[in-house]
Amino acid sequence: MFDGNGAPRIGVYVCHCGTNIAAVVDVYAVAAAAAKIPGVVVAREYKYLCSDPGQELIQNDIREYKLNRVVVASCSPHLHEATFRAAALAAGLNPFLVQMTNIREHDSWVHADRRAATEKAKDLVRAAVRRVQRHRPLERARIGVHPEVLIVGGGIAGIHAALSLANAGRHVYLVEREPTIGGHMAQFDKTFPTLDCAACILTPKMSAVKAHPNITLWTYSEVTGVEGYVGNYSVEVTRYPRYIREELCTGCLECVEACVYKEGRFADEFNYGLAKRKPIFLPFPQAVPQMPVVDPETCIQFKSGKCKKTCLQACGERRAIDFTQKEQICRIQVGAIIVATGFRTFDPRRTPYYGYGVYPNVYTALEVERLVNASGPTGGRVILRDGRRPRTVGIVHCVGSRDEKTNRWCSRVCCMYSLKLAHLIKEHTEAEVFNFYIDIRTPGKGFEEFYQRLLNEGVHFIRGRVAEVTDWALDPTEEGRLVIRVEDTLLGTVRRIPVDMVVLATGLEPREDAQEVRRRFNITCSTEGFFLERHPKLAPVSTFTDGVFLAGCCQGPKDIPDTVAQAGAAAMEALALIDKGYVEQEPDIAWVDEELCSGCKTCSALCPYGAVSFSEATLRASVNPALCKGCGTCAAACPSGAIIQNLFEDEQIFVEIQGVLAHA
């Protein structure tokens, strides 16, 4: 029954798909025409073939009529091919003796002429019947899965995914390029809308990562190479020298205190240059791991070799400081990878009319986060660069978001963090606060209530896009202040609002190295530059590369709760993969007929998945079935016709074309 020999006994099934197909295509006529095709022993139409009764109908016919081929005329195979293959397998038929033809997207959804659409459906069914007769029974191959997981990025997404997997008993490698984990969340003061202390909820999770026996934490490290395939990835991690021996450092920070340097010389990156740091430093008090790092770009020992090395003296017998450290290359084997590389904020210098970098009292939102933070450069006091306390503050929304000139997308978090900063600034300074917005978007749990709270606190809201920020005064009240010029669309007039401080609510963008990371992990990016998920609704954390998953803002802008939820989903997908112990390889892959292969190497250069290799010993190409995704590029390009792709063999394609043209 399954060996492809003997007379074909084919069943054809035409789906109404409700009215998606039946409203345009006469499904009864299509089924009647299919019944007359040689080799077809049963042809039926049904309202919803993908439903349980529809699948049972097909299974019963396979058994009763001893069908050895099945054709389903319905919607896209991308949606339901697996469904009908599983139904055939349950009835004892090899699932690859099933052929789907798409009479919804390819026919009913693109035509209005009922008669012509019906005739086209008949042609498509005829072609599928001819094609399926040339199908061969195939089997899925099983590939073992390495039981460890790599997580790239140590922000809140990477932290939560790592802990979820580690708590499930799986070993995790967490790789972070910065000296500490925590990401952007570590820079926040409070989180909206509950105003929870960001450090209070993040620090315990950071500490749990460091202490967990199932997590190998590599900070100041970067993934520099990825090879292999789902279940068996070989990953190269470059560990950059901290010039601190992690196994010896106790985190006492006496070396930082003892460091000889010129006061106020080096900008503190964690505080966005609002404070200064020494050449040896701890990024922030709650950093994990709790050990400093030496910056060779600013350290006198590396620049001139004439340092007094007071840090070495302070370290004493521990001898944790090692100026001879070199970068290390580590190689690990993992079964799955979670990419959680985060985002960058929009650079407001790209919108010079807002005055960032021109006027010292124009700040970004993240800079203000550091000002209001008790561990920040001013100890939580909101003071301007000239030392004054602001009495009037303007917050400009959508800087680098919803703008045809910069980024068209909404960054989702800006409205709410602007409201949060308005509350915190008012709380710290009792200043008069203005919010300049296009639309207030508060679609989350407790968000609208938080917006109402700000209204009740007396924060001003002016609807309109800010035209410019300037120091050009038109009257004495504007002297020595910044002036925000905006069209108030509710009042229908242009207003000039003098303020002491301007806060720019910058949007979220893909990281600057997103394209490099995309190529490294063989994943794709959307038009905006964020990493692209396999399906926006049904597979929001999967990618088109099996075994690689996404979490957090690298996939698109989102707030902390959504980031944590997605990280948990990514961890679940990775856990399901490695817990199964194997992955099944679809058999629609390419293979090389060595007798026909001329050794021209055309295929190996074209394969987008690196599945084709060339043997210098045999002078023949070969396909790694674990890497092949069945795209057909090599088979189409092979000048010798030596590469054959299962389910897309030449004979199958030719008879399908003949079936389409037979009516004409």
# chains A, B, ... in the order shown; residues from 1 in each chain; ligands from 1

$ residues_around --residues "region 107-120 of chain A" --least-positions-apart "3" --cutoff "9 Å" --atoms "only C-alpha atoms" --output "PyMOL selection string"
chain A and resi 20-27+29-30+102-104+123-125+660+663

$ residues_around --residues "Ala267 (chain A)" --least-positions-apart "5" --cutoff "12 Å" --atoms "only C-alpha atoms" --output "VMD selection string"
chain A and resid 272 to 279 281 283 295 298 377

$ closest_residue --among "A:Ser51, A:Thr238, A:Thr250, A:Thr602" --to "Tyr220 (chain A)" --atoms "only C-alpha atoms"
A:Thr238

$ residues_around --residues "region 372-376 of chain A" --least-positions-apart "2" --cutoff "10 Å" --atoms "only C-alpha atoms" --output "JSON, numbers by chain"
{"A": [187, 188, 189, 190, 197, 198, 199, 270, 271, 274, 275, 284, 285, 286, 367, 368, 369, 370, 378, 379, 380, 381, 382, 383, 421, 424, 425, 427, 428]}

$ closest_residue --among "A:Gly610, A:Phe531, A:His106, A:Glu594" --to "Ser640 (chain A)" --atoms "only C-alpha atoms"
A:Glu594

$ residues_around --residues "region 313-319 of chain A" --least-positions-apart "5" --cutoff "10 Å" --atoms "only C-alpha atoms" --output "JSON, numbers by chain"
{"A": [244, 245, 248, 249, 250, 252, 253, 254, 255, 256, 257, 258, 259, 308]}

$ closest_residue --among "A:Val503, A:Leu282, A:Val98, A:Ala43" --to "Arg69 (chain A)" --atoms "only C-alpha atoms"
A:Val98

$ residues_around --residues "Gly446 (chain A)" --least-positions-apart "3" --cutoff "12 Å" --atoms "only C-alpha atoms" --output "list in words"
Phe192, Pro193, Thr194, Leu195, Met416, Thr442, Pro443, Glu449, Phe450, Tyr451, Gln452 and Arg453 of chain A

$ residues_around --residues "region 177-185 of chain A" --least-positions-apart "2" --cutoff "7 Å" --atoms "only C-alpha atoms" --output "ChimeraX atom specification"
/A:154-156,175,187-188,198,206,219-222,287-289

$ closest_residue --among "A:Leu67, A:Cys330, A:Ala186, A:Val293" --to "Val223 (chain A)" --atoms "only C-alpha atoms"
A:Cys330

$ residues_around --residues "Glu327 (chain A)" --least-positions-apart "6" --cutoff "7 Å" --atoms "only C-alpha atoms" --output "CSV table (one decimal) with N, CA and C atoms, in the first residue's frame"
chain,number,residue,atom,x,y,z
A,238,THR,N,34.1,34.7,23.0
A,238,THR,CA,35.4,35.4,23.3
A,238,THR,C,35.2,36.1,24.6
A,239,ARG,N,36.0,35.8,25.6
A,239,ARG,CA,36.0,36.4,26.9
A,239,ARG,C,37.1,37.5,26.9
A,240,TYR,N,36.7,38.7,27.1
A,240,TYR,CA,37.7,39.8,27.1
A,240,TYR,C,38.3,40.0,28.4
A,241,PRO,N,39.5,40.4,28.5
A,241,PRO,CA,40.2,40.5,29.8
A,241,PRO,C,39.7,41.6,30.7

$ atom_distance --atom1 "CA of Ala91 (chain A)" --atom2 "CA of Ala33 (chain A)"
25.6 Å

$ atom_distance --atom1 "CA of Lys445 (chain A)" --atom2 "CA of Phe530 (chain A)"
25.5 Å

$ closest_residue --among "A:Ile653, A:Leu538, A:Cys607, A:Ile62" --to "Leu79 (chain A)" --atoms "only C-alpha atoms"
A:Leu538

$ closest_residue --among "A:Asp403, A:Glu236, A:Asp513, A:Glu651" --to "Gln133 (chain A)" --atoms "only C-alpha atoms"
A:Glu651

$ atom_distance --atom1 "CA of Gly630 (chain A)" --atom2 "CA of Lys537 (chain A)"
24.2 Å

$ select_by_dssp --residues "region 260-318 of chain A" --states "strand (DSSP E or B)" --output "list of chain:residue names"
A:Phe266, A:Ala267, A:Lys276, A:Arg277, A:Ile280, A:Phe281, A:Val293, A:Val294

$ select_by_dssp --residues "region 305-360 of chain A" --states "helix (DSSP H, G or I)" --output "list in words"
Thr310, Cys311, Leu312, Gln313, Ala314, Cys315, Gly316, Glu317, Arg318, Pro348, Arg349, Arg350, Pro352, Tyr353 and Tyr354 of chain A
